[in-house]
Each structure stands twice: as structure tokens, then as C-alpha cells.
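Source file: structure_20.txt. Holds: compact mmCIF, C-alpha atoms.
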# COMPACT_ATOMS: atom_id res chain seq x y z
CA MET G 1 -5.54 63.36 42.42
CA SER G 2 -3.39 65.15 44.99
CA GLN G 3 0.25 65.77 44.23
CA ASN G 4 1.11 65.30 47.92
CA HIS G 5 0.51 61.57 47.84
CA ASN G 6 3.40 59.20 48.26
CA ILE G 7 3.92 56.69 45.48
CA GLY G 8 1.85 54.01 47.23
CA ASN G 9 -1.18 56.26 47.57
CA ALA G 10 -0.68 57.63 44.07
CA ALA G 11 -0.54 54.13 42.59
CA GLU G 12 -3.63 53.00 44.47
CA ASP G 13 -5.56 56.13 43.46
CA LEU G 14 -4.60 55.50 39.86
CA ILE G 15 -5.61 51.84 40.06
CA LYS G 16 -8.94 52.78 41.59
CA GLU G 17 -9.56 55.30 38.83
CA GLN G 18 -8.70 52.71 36.18
CA PHE G 19 -11.30 50.32 37.65
CA GLU G 20 -13.89 53.10 37.70
CA LEU G 21 -13.25 54.05 34.07
CA GLU G 22 -12.94 50.56 32.62
CA PRO G 23 -15.80 48.18 33.51
CA SER G 24 -14.16 45.19 31.85
CA LEU G 25 -10.95 45.49 33.84
CA GLU G 26 -10.53 42.35 35.98
CA GLN G 27 -7.30 42.93 37.87
CA VAL G 28 -4.41 45.36 38.01
CA VAL G 29 -0.93 44.17 38.88
CA TRP G 30 1.46 46.73 40.32
CA ILE G 31 4.82 45.44 39.20
CA ASP G 32 7.98 46.23 41.18
CA SER G 33 5.88 47.93 43.83
CA ASP G 34 9.04 48.59 45.86
CA LYS G 35 10.25 51.11 43.26
CA THR G 36 9.91 54.69 44.39
CA THR G 37 10.44 56.55 41.15
CA GLU G 38 7.86 55.20 38.73
CA ILE G 39 4.70 53.13 38.64
CA ARG G 40 4.48 50.00 36.48
CA LEU G 41 1.05 48.53 35.95
CA LEU G 42 -0.26 45.50 34.12
CA GLU G 43 -3.98 45.78 33.51
CA ILE G 44 -5.69 42.44 33.03
CA ASN G 45 -8.62 42.85 30.71
CA PRO G 46 -10.33 40.04 28.77
CA GLU G 47 -11.46 42.57 26.15
CA THR G 48 -7.96 43.58 25.14
CA PRO G 49 -6.54 41.99 21.97
CA ALA G 50 -4.01 39.22 22.52
CA THR G 51 -0.52 40.20 21.43
CA GLY G 52 1.55 37.51 23.15
CA SER G 53 3.77 40.26 24.50
CA VAL G 54 3.76 43.12 26.98
CA LEU G 55 3.41 46.41 25.12
CA ALA G 56 3.68 49.10 27.78
CA PHE G 57 2.81 52.74 27.22
CA TYR G 58 4.64 55.54 29.00
CA PHE G 59 2.82 58.40 30.68
CA PRO G 60 5.11 61.19 31.83
CA PRO G 61 4.48 62.86 35.18
CA PHE G 62 2.41 66.03 35.17
CA GLU G 63 1.34 68.62 37.69
CA GLU G 64 -1.49 66.54 39.15
CA PHE G 65 0.36 63.23 39.12
CA LEU G 66 4.02 63.38 39.90
CA TYR G 67 5.08 59.85 39.01
CA ALA G 68 6.08 58.55 35.63
CA THR G 69 3.80 55.66 34.80
CA HIS G 70 4.03 52.67 32.49
CA ILE G 71 0.84 50.78 31.75
CA ALA G 72 0.39 47.65 29.66
CA GLU G 73 -2.89 45.90 29.05
CA ILE G 74 -2.90 42.13 28.77
CA ARG G 75 -5.42 39.31 28.70
CA PRO G 76 -5.91 36.99 31.71
CA GLU G 77 -4.21 34.07 29.96
CA GLU G 78 -1.25 36.30 29.13
CA TRP G 79 -0.82 37.07 32.84
CA GLN G 80 -0.68 33.34 33.53
CA LYS G 81 1.98 33.01 30.85
CA ILE G 82 3.96 35.85 32.42
CA LEU G 83 3.85 34.03 35.76
CA ARG G 84 5.15 30.91 34.00
CA HIS G 85 7.84 33.02 32.29
CA GLU G 86 6.42 32.13 28.88
CA ILE G 87 5.90 35.81 28.08
CA SER G 88 8.69 38.20 29.00
CA LEU G 89 8.20 41.39 30.91
CA PRO G 90 9.81 44.56 29.55
CA GLU G 91 13.49 44.97 30.32
CA GLY G 92 14.11 45.85 33.95
CA TRP G 93 10.66 44.68 35.10
CA THR G 94 10.59 41.76 37.52
CA LEU G 95 8.17 39.59 39.44
CA ASP G 96 10.16 40.05 42.65
CA ASN G 97 7.67 42.46 44.16
CA TYR G 98 4.19 42.75 42.79
CA LYS G 99 0.71 43.39 44.14
CA VAL G 100 -2.50 42.22 42.53
CA TYR G 101 -5.58 44.41 42.89
CA SER G 102 -9.13 43.33 42.17
CA ARG G 103 -12.08 45.65 41.75
CA GLU G 104 -13.43 44.67 45.18
CA MET G 105 -10.17 45.62 46.88
CA VAL G 106 -10.17 49.22 45.74
CA THR G 107 -13.81 50.12 45.33
CA VAL G 108 -15.09 49.04 48.76
CA MET J 1 19.76 61.72 21.70
CA ASN J 2 19.98 58.00 22.41
CA GLU J 3 19.34 55.25 19.88
CA ARG J 4 15.84 54.55 21.11
CA GLN J 5 14.87 58.20 20.71
CA ARG J 6 16.24 58.15 17.19
CA TRP J 7 14.09 55.10 16.42
CA ARG J 8 11.10 56.92 17.82
CA ILE J 9 11.65 59.93 15.61
CA ALA J 10 12.18 57.71 12.58
CA PHE J 11 8.85 55.92 13.18
CA LEU J 12 7.10 59.25 13.63
CA GLN J 13 8.59 60.67 10.44
CA GLN J 14 7.51 57.63 8.46
CA ALA J 15 4.02 57.72 10.01
CA LYS J 16 3.67 61.35 8.95
CA SER J 17 4.84 60.51 5.45
CA ASP J 18 2.39 57.58 5.22
CA TRP J 19 -0.40 59.87 6.42
CA GLU J 20 0.47 62.43 3.76
CA ALA J 21 0.39 59.67 1.14
CA TYR J 22 -3.02 58.58 2.48
CA GLN J 23 -4.33 62.11 2.04
CA ARG J 24 -2.93 62.42 -1.46
CA THR J 25 -4.48 59.14 -2.59
CA ARG J 26 -7.75 60.27 -1.07
CA GLN J 27 -7.78 63.49 -3.06
CA ALA J 28 -6.70 61.85 -6.28
CA ASP J 29 -9.45 59.22 -6.15
CA TRP J 30 -7.00 56.35 -6.27
CA PRO J 31 -8.17 52.75 -5.74
CA THR J 32 -9.39 52.23 -2.20
CA CYS J 33 -6.71 49.64 -1.47
CA HIS J 34 -3.95 52.24 -1.74
CA ARG J 35 -5.74 54.65 0.56
CA LEU J 36 -6.26 51.94 3.17
CA LEU J 37 -2.73 50.65 2.85
CA PHE J 38 -1.28 54.07 3.64
CA LEU J 39 -3.77 54.58 6.46
CA GLN J 40 -2.94 51.21 8.01
CA MET J 41 0.79 51.92 7.76
CA ALA J 42 0.44 55.43 9.22
CA SER J 43 -1.61 54.17 12.17
CA GLU J 44 0.78 51.30 12.91
CA LYS J 45 3.88 53.49 12.84
CA LEU J 46 2.22 56.23 14.90
CA SER J 47 1.41 53.61 17.54
CA LYS J 48 4.94 52.28 17.51
CA ALA J 49 6.41 55.78 17.83
CA VAL J 50 4.41 56.11 21.06
CA LEU J 51 5.25 52.60 22.27
CA ILE J 52 8.98 53.16 21.82
CA ALA J 53 8.87 55.72 24.65
CA GLY J 54 7.87 52.86 26.95
CA PRO J 55 9.98 50.03 28.32
CA SER J 56 8.95 47.27 25.91
CA ASN J 57 11.63 45.53 23.93
CA LEU J 58 12.28 47.32 20.63
CA GLU J 59 12.20 44.07 18.67
CA THR J 60 8.84 43.15 20.21
CA ILE J 61 7.45 46.52 19.16
CA THR J 62 8.81 46.56 15.63
CA GLN J 63 7.81 42.98 14.84
CA SER J 64 4.22 43.30 16.03
CA HIS J 65 1.52 44.55 13.69
CA ALA J 66 -1.04 44.68 16.48
CA ALA J 67 -0.28 48.08 17.92
CA PHE J 68 -3.00 50.49 16.80
CA VAL J 69 -5.90 49.10 18.86
CA MET J 70 -3.70 49.01 21.94
CA PHE J 71 -2.59 52.56 21.22
CA MET J 72 -6.18 53.77 20.87
CA ARG J 73 -7.11 52.12 24.15
CA PHE J 74 -4.36 54.08 25.85
CA ALA J 75 -4.95 57.32 23.98
CA GLY J 76 -8.18 57.44 25.98
CA ASN J 77 -5.95 57.94 29.05
CA ASN J 78 -3.87 60.79 27.67
CA HIS J 79 -4.42 63.73 30.00
CA LYS J 80 -2.77 66.20 27.60
CA LEU J 81 -5.32 65.31 24.94
CA GLN J 82 -8.03 65.60 27.55
CA LYS J 83 -6.92 69.17 28.25
CA MET J 84 -6.51 69.99 24.57
CA LEU J 85 -10.07 68.86 23.81
CA GLY J 86 -11.61 70.06 27.07
CA LEU J 87 -13.06 66.65 27.86
CA LYS J 88 -13.63 64.88 31.14
CA LYS J 89 -11.58 61.73 31.55
CA SER J 90 -14.67 59.52 31.47
CA GLN J 91 -15.90 61.25 28.28
CA GLN J 92 -12.55 60.82 26.61
CA ARG J 93 -12.37 57.16 27.58
CA ALA J 94 -15.92 56.55 26.29
CA GLN J 95 -15.20 58.36 23.04
CA PHE J 96 -12.11 56.30 22.35
CA LYS J 97 -13.83 53.08 23.30
CA ALA J 98 -16.47 53.79 20.64
CA LEU J 99 -13.70 54.06 18.03
CA LEU J 100 -12.09 50.71 18.85
CA PRO J 101 -14.09 48.55 16.39
CA LEU J 102 -12.95 50.73 13.47
CA ALA J 103 -9.39 50.82 14.80
CA HIS J 104 -9.51 47.03 14.92
CA GLU J 105 -10.63 46.87 11.29
CA ILE J 106 -7.74 49.13 10.27
CA GLU J 107 -5.29 47.01 12.24
CA LEU J 108 -6.54 43.83 10.54
CA LEU J 109 -5.70 45.29 7.14
CA ALA J 110 -2.05 44.37 7.75
CA PRO J 111 -1.52 41.28 5.56
CA ALA J 112 0.08 39.45 8.50
CA LEU J 113 -3.15 39.85 10.49
CA ALA J 114 -5.65 39.49 7.64
CA GLN J 115 -5.53 35.65 7.88
CA GLY J 116 -5.49 35.20 4.14
CA GLY J 117 -8.51 37.44 3.67
CA PRO J 118 -9.11 40.96 2.34
CA ASN J 119 -6.11 43.21 2.72
CA PRO J 120 -4.96 46.20 0.70
CA GLU J 121 -1.61 44.79 -0.40
CA TYR J 122 -1.73 41.19 -1.68
CA PRO J 123 -4.26 39.12 -3.67
CA TRP J 124 -6.22 36.52 -1.71
CA GLN J 125 -8.62 33.65 -2.33
CA ASN J 126 -12.00 33.40 -0.61
CA THR J 127 -13.64 30.19 0.61
CA SER J 128 -15.49 29.79 -2.73
CA GLY J 129 -12.22 29.75 -4.61
CA ASP J 130 -12.53 33.25 -6.07
CA ILE J 131 -9.27 35.16 -6.27
CA PHE J 132 -9.29 38.89 -5.61
CA ALA J 133 -6.79 41.62 -6.34
CA PRO J 134 -6.96 44.40 -3.74
CA THR J 135 -7.27 47.00 -6.49
CA ASN J 136 -10.64 45.52 -7.57
CA TYR J 137 -12.08 45.05 -4.08
CA PRO J 138 -14.49 47.72 -2.72
CA PHE J 139 -13.38 47.58 0.97
CA PRO J 140 -16.62 48.69 2.70
CA LEU J 141 -14.44 49.96 5.56
CA ILE J 142 -13.63 53.07 3.56
CA GLN J 143 -17.29 54.14 3.60
CA ARG J 144 -17.44 53.71 7.37
CA LEU J 145 -14.28 55.76 7.75
CA HIS J 146 -15.37 58.63 5.54
CA GLN J 147 -19.12 58.69 6.09
CA THR J 148 -19.84 57.80 9.72
CA PRO J 149 -19.26 60.05 12.75
CA GLN J 150 -16.97 57.43 14.30
CA GLY J 151 -14.89 57.11 11.14
CA ILE J 152 -14.54 60.85 10.71
CA GLN J 153 -13.63 61.20 14.38
CA LEU J 154 -11.05 58.43 14.21
CA LEU J 155 -9.33 59.99 11.19
CA LYS J 156 -9.39 63.38 12.90
CA TYR J 157 -7.68 61.89 15.96
CA VAL J 158 -4.98 60.25 13.86
CA GLU J 159 -4.31 63.64 12.30
CA ILE J 160 -4.23 65.36 15.71
CA PHE J 161 -1.85 62.72 17.07
CA LEU J 162 0.54 63.13 14.17
CA LYS J 163 0.43 66.92 14.07
CA SER J 164 0.67 67.36 17.86
CA PHE J 165 2.82 64.33 18.64
CA GLU J 166 5.49 66.24 20.54
CA GLU J 167 2.89 68.08 22.61
CA LEU J 168 0.84 65.00 23.41
CA PHE J 169 3.36 62.23 23.78
CA MET J 170 6.76 63.70 24.66

Any chance you could put this one into C-alpha cells?
Amino acid sequence: MSQNHNIGNAAEDLIKEQFELEPSLEQVVWIDSDKTTEIRLLEINPETPATGSVLAFYFPPFEEFLYATHIAEIRPEEWQKILRHEISLPEGWTLDNYKVYSREMVTV
Amino acid sequence: MNERQRWRIAFLQQAKSDWEAYQRTRQADWPTCHRLLFLQMASEKLSKAVLIAGPSNLETITQSHAAFVMFMRFAGNNHKLQKMLGLKKSQQRAQFKALLPLAHEIELLAPALAQGGPNPEYPWQNTSGDIFAPTNYPFPLIQRLHQTPQGIQLLKYVEIFLKSFEELFM
């Protein structure tokens, strides 16, 4: 992954890589995609255990990927609950700007 | 150091202490339930120490017992571990995926997740009406942890994560 990418390219490269590495991944939601300092992803995977919450892991930037990244894995029904505001997003995360990626969108 | 960082360090310290207790009970040939109890507690607190660096609500993290499987899924993405072990990302991901069933069994040892079944802390009753004390139960999981390649690998990773926490996760 090139370090010269802007955050949009970096996020999409990361999403593509996640789809390549995880066959059961159905969709990836880039939350707050207007933010320029960090990438927040929700990975929708029916194989992940249901927790009824959004437990996001932090990945600090490193030389080959310059953006701090937060990734949480949720089940498809948990995403629907997030959209209905029945499951809260982590503090500071919103649904004001988000993009949903499917496997077909990034692997074509 | 902010409050959240102090929580993180406290969870890590307790995870390390639980892991040490697990090792001591292993050496001393204590009942299996005690070994598994300390292992389950170490793995849960390790996972929470990592989660606290993220944005999730602290209360959500501390109240959930389902953290270890999620942590192991994401440990497969840790590029620092990838470098430390000299693995390709796809190899690392595949290796961690193979460990998930055992991680799930460890996670389910928490009494809150055991659904009234075998757990290393409290007695339970099976569907036939028999009542078991954890201290008398054989817990076949322990054999899979100590005698299968996946079990040995999983325990080795828990040890690496605890010993190299600062290097891998901070």
C-alpha cells in the first residue's frame, strides 16, 4: 500500500484488501467518510459473534499506511439495528456521512 | 496519562497477573477448572486492554464478556505481529482463523456466557438433573489446549501478546 495515497484511496485500498483476505465479509461501511485524519470502518460479517454493541479496534498508523484506523466487525442484523439507532456507535461516530462497499464494488 | 490510558494499563496488569496464575496452576497440577478460569480471565482482560485503545464506550467494553474471539479476529490484522513473526498477511489471517474455534470455547467459559452449562467457576445442572462442581469436571478443552497444535499455538500467542503488548498494541 503506497504512503502517497490520500485518505480516500487509502481507505478503499484497505477495504479491498479486507475483502480479499476475508471471504465471509459481506459489506464494509466507511463511517464518517468526510473525516481526513482517521479511517473508521464497520465490517459486516455473518460469521462474527453477535455482541449487541460496536467493539472497535484501533490500528495506529505505520510507515506503509499513514492513517490511524478503527475497525469493528458486526453482524448484518447489528448493522440494521445501528441504522435504526438501536445499537449505538462509539462516541464521536455518526451516520451523517457513510459509504457502503460490497465485494463487487471493489474487486471488479 | 489520561483516565482511559490508566484503565488500559490496569486491564493489562490484571491480565498478566491472571496469566501468571494460569501458569502456576498448570505447573502445580491443580484442578482443571482453576487453570481454565485463570486462562479465561487473562484472555478477556487482554482483549479489553486492546479494545480500550479504540473508541468504544468504556462501559460497553468492561461489561461485555465476549471480547476474546473478536480480539483474535483482529489480531490476524496486526501488522507489527506480522513483522515479528515474518508472516505474510494472508498467512497470519489464516493462522488466526484456525484458532477461532478454541478461542470461542475459552470465551464461553465465562459463567455469563456458559448458559447454565459447564464453566470453571460455579456448579451447574445438566439436562438429566445431574449437578456438577467445576472441580470434579474434566473439561476436555484442556486437552485440546495442551495437546493439539492449535491449542499450543493459541497459548503461545496469548503469551506473546502479554509479553510484547507495548510493542504490538501501543

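Every chain J residue lying within 7 Å of chain G, based on all atoms listed in the file, is listed here: Leu51, Ala53, Gly54, Pro55, Ser56, Asn57, Ala66 and Ser90 of chain J.
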
### Task
Could you please give me, as JSON, numbers by chain, the residues of protein, DNA or RNA lying at most 10 Å from (-4.2, 53.7, 6.7) in the coordinate frame of the file, considering all atoms listed in the file?
{"J": [15, 18, 19, 21, 22, 23, 33, 34, 35, 36, 37, 38, 39, 40, 41, 42, 43, 44, 106, 107, 109, 110, 120, 142, 155, 158]}

### Query
How many Å lie between atom CA of G:Ile39 and atom CA of J:Ala49, rounded to one decimal?
21.0 Å

### Distance query G:Asp34 at most 12 Å, only C-alpha atoms, self and fewer than 6 positions along chain excluded, as a PyMOL selection string
chain G and resi 7-8+11+40+93-99

### Query
Of the candidates J:Thr60, J:Asn77, J:Ser47, J:Gln27, which shows the shortest atom-to-atom distance to G:Leu14, using all atoms listed in the file?
J:Asn77

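Straight-line separation from atom CA of G:Val29 to atom CA of G:Ala10: 14.4 Å.
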
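We find atom CA of J:Met72 and atom CA of G:Asn9 to be spaced 27.3 Å apart.
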
### 12 Å contact set for G:Met105, all atoms listed in the file, chain neighbours under 2 positions out, as a list in words
Glu12, Asp13, Ile15, Lys16, Phe19, Glu26, Gln27, Val28, Lys99, Val100, Tyr101, Ser102, Arg103, Thr107 and Val108 of chain G

### Message
Residues within 9 Å of G:Pro76, please, as a list in words. Count all atoms listed in the file; anything in the same chain fewer than 4 positions from it doesn't count.
### Response
Glu26, Gln27, Ile44, Asn45, Pro46, Gln80 and Lys81 of chain G

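Every residue within 8 Å of the file position (-11.6, 53.3, 17.8), judged by all atoms listed in the file, is given as J:Val69, J:Met72, J:Arg73, J:Phe96, J:Lys97, J:Ala98, J:Leu99, J:Leu100, J:Pro101, J:Leu102, J:Ala103, J:His104, J:Gln150, J:Leu154.
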
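Of the listed residues J:Phe161, J:Phe71, J:Phe132, J:Phe11, the one whose atoms come nearest to J:Pro118 is J:Phe132, with distances taken using only C-alpha atoms.
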